[in-house]
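Novice: Here it is: the structure, laid out below.
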Amino acid sequence: MKRVMKNIIAGAIVLAAAGSVLGLSMLPNPVEVEQVVKKEISQNITESGLIEADEPVTVYAPISGKLAQVTSGVNDVINTGDILAMYDLADAEERYNKAELNAAYYEDGYIAALKENEDYIEKAENAKSESNSLNVKYDEIVDRMNEISAAYNANRSTLNQSIQKIEGEISNIEKNLSSESSKLANEATNYEESQKKLENLGTDIDSLNVKIEESKELIESYQDEMAKCGSDSPAYSSYKVLMESEKKNLTSLKNERDEKKGEKENLELQIDQTIANKETTEGSVEGLETDLADKKKVLSSTSLQATMSQQYEEYMKLSKELDVINNEWDASLEEQKAAEDKILSDTKLKQYEDSAALAKAEQESAQKDLEIARQGIKASISGTIIDKLVDKGAVTEMGTPLFVIQPSSGYKASILLSREELDRVKAGQKAKVKIGDKSYNGQVSDIGQIASSDSEGEPRVRVVVSLDDENANPTIGIGAQIEIMSNIKKTTLSISEKAVHSDDKSEYVYVLNDGMAEKRIVTTGTTDNGYTIITNGITENDTIITTEINSDDEGKKLRVKK
């Protein structure tokens, strides 16, 4: 009896459990929902684009010469400093040897010119010293002759007065000659100094002209940079400040150049006046020398009339000595002038020095070329060789393109934006670049100035986002998803991003309508912090299903999770 009761109880429990299961299976599926509300959403821009990198870099021949080896080819991956090709050293060594001999030749020529110049300077000084010594002797003999004349003409007052008058005239002429000679020397010195100043002013003016051209080019570069920037950008203001400052500098340079030109014109007038003064003084010196010679002849003739016997013989001897001294004096002056004429000017010596310096510079250049040839042609950057323009044995000139390298740096992503999207983009805005499962941070680095048409004929502007990650190494040319973070926010209808579904034809959501799932086609905007803008397809306060369901659930009764 007890066993029967147990069986009955067990059966009841089974039936109860089965009923419970059947009851639960008949309940609607539970789903999570949310109300459509208006939210403030950032107007981020998300578009598909392509990965790019820095522009290819061309490796040029650093010197002229023949290539003995080409060690790298297309698709080779190289690092900075890798050897790409080697020069044939024979030509470089021959050029260096010739340049070395040429430098030695001009250096020897410069040293010889200096030595020869020193010799002529010494000869001119010795001749001048000899001339001065003869002048002293001449004065001594003249003094003695004057004594003889005075002693033997004491009683001939008229003749003595004539002699004294002539001697006085000779003395005055000699004083005037000394004064005019000093004046002539001063004029010559003033002329040389003025010429040097004129050369310096010419150099200063040339230097200022170069600075003026550089300033103009700098102003143009600022204007070009300003043209690339928006007028309300910080960069535009910075370049404008720099340009205004450089304009002031340009004005200052022009004023300084005009002042130098004025000084130069005044100095040229002074030089012309100095030349005129010098010519006048030279004429005066020549006239005084002629007068002095004439007066001395008169003096000699007058003194001769008063001499006799022994005094006459002494007088004649002294007169002959005067003739000898005059001849020696003339010879000394000619020797001095000849030596001075052969003394090289500073300009000529500078030419010798410049020739030696130029030959030395050519030697150093040839030596540098030889060192470069020995080192070979090296890669200036790391990357992949995409073009090889020369082969072994090629003879190249300096600057000849040899290789083209695609750098493994400067990665960026480019997208095409419409006018409406472009209004929300500025240089420097943060961005994210997604390539498959990888995501990189970046910022807007360039906004195109010219639009182009897309595949549908709509105008689009190219925008470039540079990657911040220095270690990024994406594949160039691959597609990427780019999201530009906009600072513009908009209050609009929005729902959770997970509630939005899509297929090949459209985007859609499921609305809970009278407890059943209803599919609605929607038009979406940007997404921010997990919420997506809905511009068409639903209204405020619609109840949106956020739980993952599918088309099989359409029209079914659903219940909201508590």
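By convention here, the chains of the structure tokens are called A, B, ... in the order presented, each chain's residues are numbered starting at 1, and ligands are numbered starting at 1 in the order presented.
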Could you please write out, as a PDB file with C-alpha atoms, in the first residue's frame, every residue of region 338-491 of chain A that DSSP assigns to helix (DSSP H, G or I)?
Specialist:
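Result file follows (result_4.pdb):
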ATOM      1  CA  ALA A 338     112.069 101.230 -60.879  1.00  0.00           C
ATOM      2  CA  ALA A 339     111.958  99.194 -57.658  1.00  0.00           C
ATOM      3  CA  GLU A 340     108.714 100.847 -56.541  1.00  0.00           C
ATOM      4  CA  ASP A 341     107.148 100.161 -59.947  1.00  0.00           C
ATOM      5  CA  LYS A 342     107.898  96.453 -59.514  1.00  0.00           C
ATOM      6  CA  ASP A 346      97.858  94.622 -52.423  1.00  0.00           C
ATOM      7  CA  THR A 347      95.344  93.715 -55.126  1.00  0.00           C
ATOM      8  CA  LYS A 348      97.961  91.796 -57.127  1.00  0.00           C
ATOM      9  CA  LEU A 349      99.248  90.003 -54.047  1.00  0.00           C
ATOM     10  CA  LYS A 350      95.646  89.160 -53.189  1.00  0.00           C
ATOM     11  CA  GLN A 351      95.265  87.613 -56.657  1.00  0.00           C
ATOM     12  CA  TYR A 352      98.302  85.399 -56.022  1.00  0.00           C
ATOM     13  CA  GLU A 353      96.905  84.500 -52.616  1.00  0.00           C
ATOM     14  CA  ASP A 354      93.426  83.811 -54.033  1.00  0.00           C
ATOM     15  CA  SER A 355      94.874  81.604 -56.795  1.00  0.00           C
ATOM     16  CA  ALA A 356      96.784  79.592 -54.208  1.00  0.00           C
ATOM     17  CA  ALA A 357      93.680  79.391 -51.996  1.00  0.00           C
ATOM     18  CA  LEU A 358      91.524  78.330 -54.957  1.00  0.00           C
ATOM     19  CA  ALA A 359      93.995  75.612 -55.939  1.00  0.00           C
ATOM     20  CA  LYS A 360      94.099  74.478 -52.302  1.00  0.00           C
ATOM     21  CA  ALA A 361      90.294  74.403 -52.193  1.00  0.00           C
ATOM     22  CA  GLU A 362      90.240  72.339 -55.404  1.00  0.00           C
ATOM     23  CA  GLN A 363      92.732  69.951 -53.831  1.00  0.00           C
ATOM     24  CA  GLU A 364      90.568  69.647 -50.717  1.00  0.00           C
ATOM     25  CA  SER A 365      87.498  69.132 -52.930  1.00  0.00           C
ATOM     26  CA  ALA A 366      89.310  66.409 -54.890  1.00  0.00           C
ATOM     27  CA  GLN A 367      90.418  64.829 -51.618  1.00  0.00           C
ATOM     28  CA  LYS A 368      86.847  64.944 -50.321  1.00  0.00           C
ATOM     29  CA  ASP A 369      85.599  63.368 -53.579  1.00  0.00           C
ATOM     30  CA  LEU A 370      88.223  60.631 -53.186  1.00  0.00           C
ATOM     31  CA  GLU A 371      87.066  59.968 -49.624  1.00  0.00           C
ATOM     32  CA  ILE A 372      83.446  59.835 -50.817  1.00  0.00           C
ATOM     33  CA  ALA A 373      84.466  57.461 -53.626  1.00  0.00           C
ATOM     34  CA  ARG A 374      86.205  55.203 -51.114  1.00  0.00           C
ATOM     35  CA  GLN A 375      83.138  55.195 -48.850  1.00  0.00           C
ATOM     36  CA  ARG A 419      32.062  69.963 -48.442  1.00  0.00           C
ATOM     37  CA  GLU A 420      29.746  69.351 -45.461  1.00  0.00           C
ATOM     38  CA  GLU A 421      32.297  67.073 -43.783  1.00  0.00           C
ATOM     39  CA  LEU A 422      35.147  69.448 -44.591  1.00  0.00           C
TER      40      LEU A 422
END
Novice: Have a look at A:Lys66, A:Lys196, A:Lys430, A:Lys115 and name the one nearest to Leu344 (chain A); count only C-alpha atoms.
Specialist: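 Counting only C-alpha atoms, the residue closest to Leu344 (chain A) is A:Lys115.
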Novice: Go ahead and compute the interatomic distance for CA of Gln35 (chain A) and CA of Ile495 (chain A), in Å to one decimal.
Specialist: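 Distance reported for this atom pair: 7.9 Å.
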Novice: Find the residues near Ser64 (chain A): any atom within 9 Å, counting only C-alpha atoms, skip ones fewer than 2 places away on the same chain, and give them as a ChimeraX atom specification.
Specialist: /A:61-62,66,92,369,395-400
Novice: Need to verify the contact set: Glu130 (chain A), 9 Å, only C-alpha atoms, exclusion of same-chain residues closer than 3 positions in sequence. Can you return it as number ranges by chain?
Specialist: A: 125-127, 133-135, 328-329, 332-333
Novice: Go ahead and save the residues from that selection, with C-alpha atoms, as a PDB file, in the first residue's frame.
Specialist:
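The file below, out.pdb, is the result:
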ATOM      1  CA  GLU A 125     114.296 101.736 -49.399  1.00  0.00           C
ATOM      2  CA  ASN A 126     118.051 101.426 -50.015  1.00  0.00           C
ATOM      3  CA  ALA A 127     117.813 103.692 -53.095  1.00  0.00           C
ATOM      4  CA  SER A 133     122.596 110.770 -48.324  1.00  0.00           C
ATOM      5  CA  LEU A 134     123.512 112.367 -51.663  1.00  0.00           C
ATOM      6  CA  ASN A 135     121.160 115.206 -50.905  1.00  0.00           C
ATOM      7  CA  GLU A 328     124.181 109.713 -58.749  1.00  0.00           C
ATOM      8  CA  TRP A 329     121.131 111.337 -57.238  1.00  0.00           C
ATOM      9  CA  SER A 332     119.203 106.655 -57.162  1.00  0.00           C
ATOM     10  CA  LEU A 333     115.820 108.214 -57.880  1.00  0.00           C
TER      11      LEU A 333
END
Novice: With distances taken over only C-alpha atoms, which residue among A:Gln195, A:Asn102, A:Asn441, A:Thr290 lies nearest Gln481 (chain A)?
Specialist: A:Asn441
Novice: State, in Å with one decimal place, the distance from CA of Thr539 (chain A) to CA of Val560 (chain A).
Specialist: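 CA of Thr539 (chain A) sits 19.9 Å away from CA of Val560 (chain A).
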Novice: Between A:Lys240, A:Ala90, A:Asp258, A:Ser181, which one has atoms that come closest to Leu67 (chain A), using only C-alpha atoms?
Specialist: A:Ala90
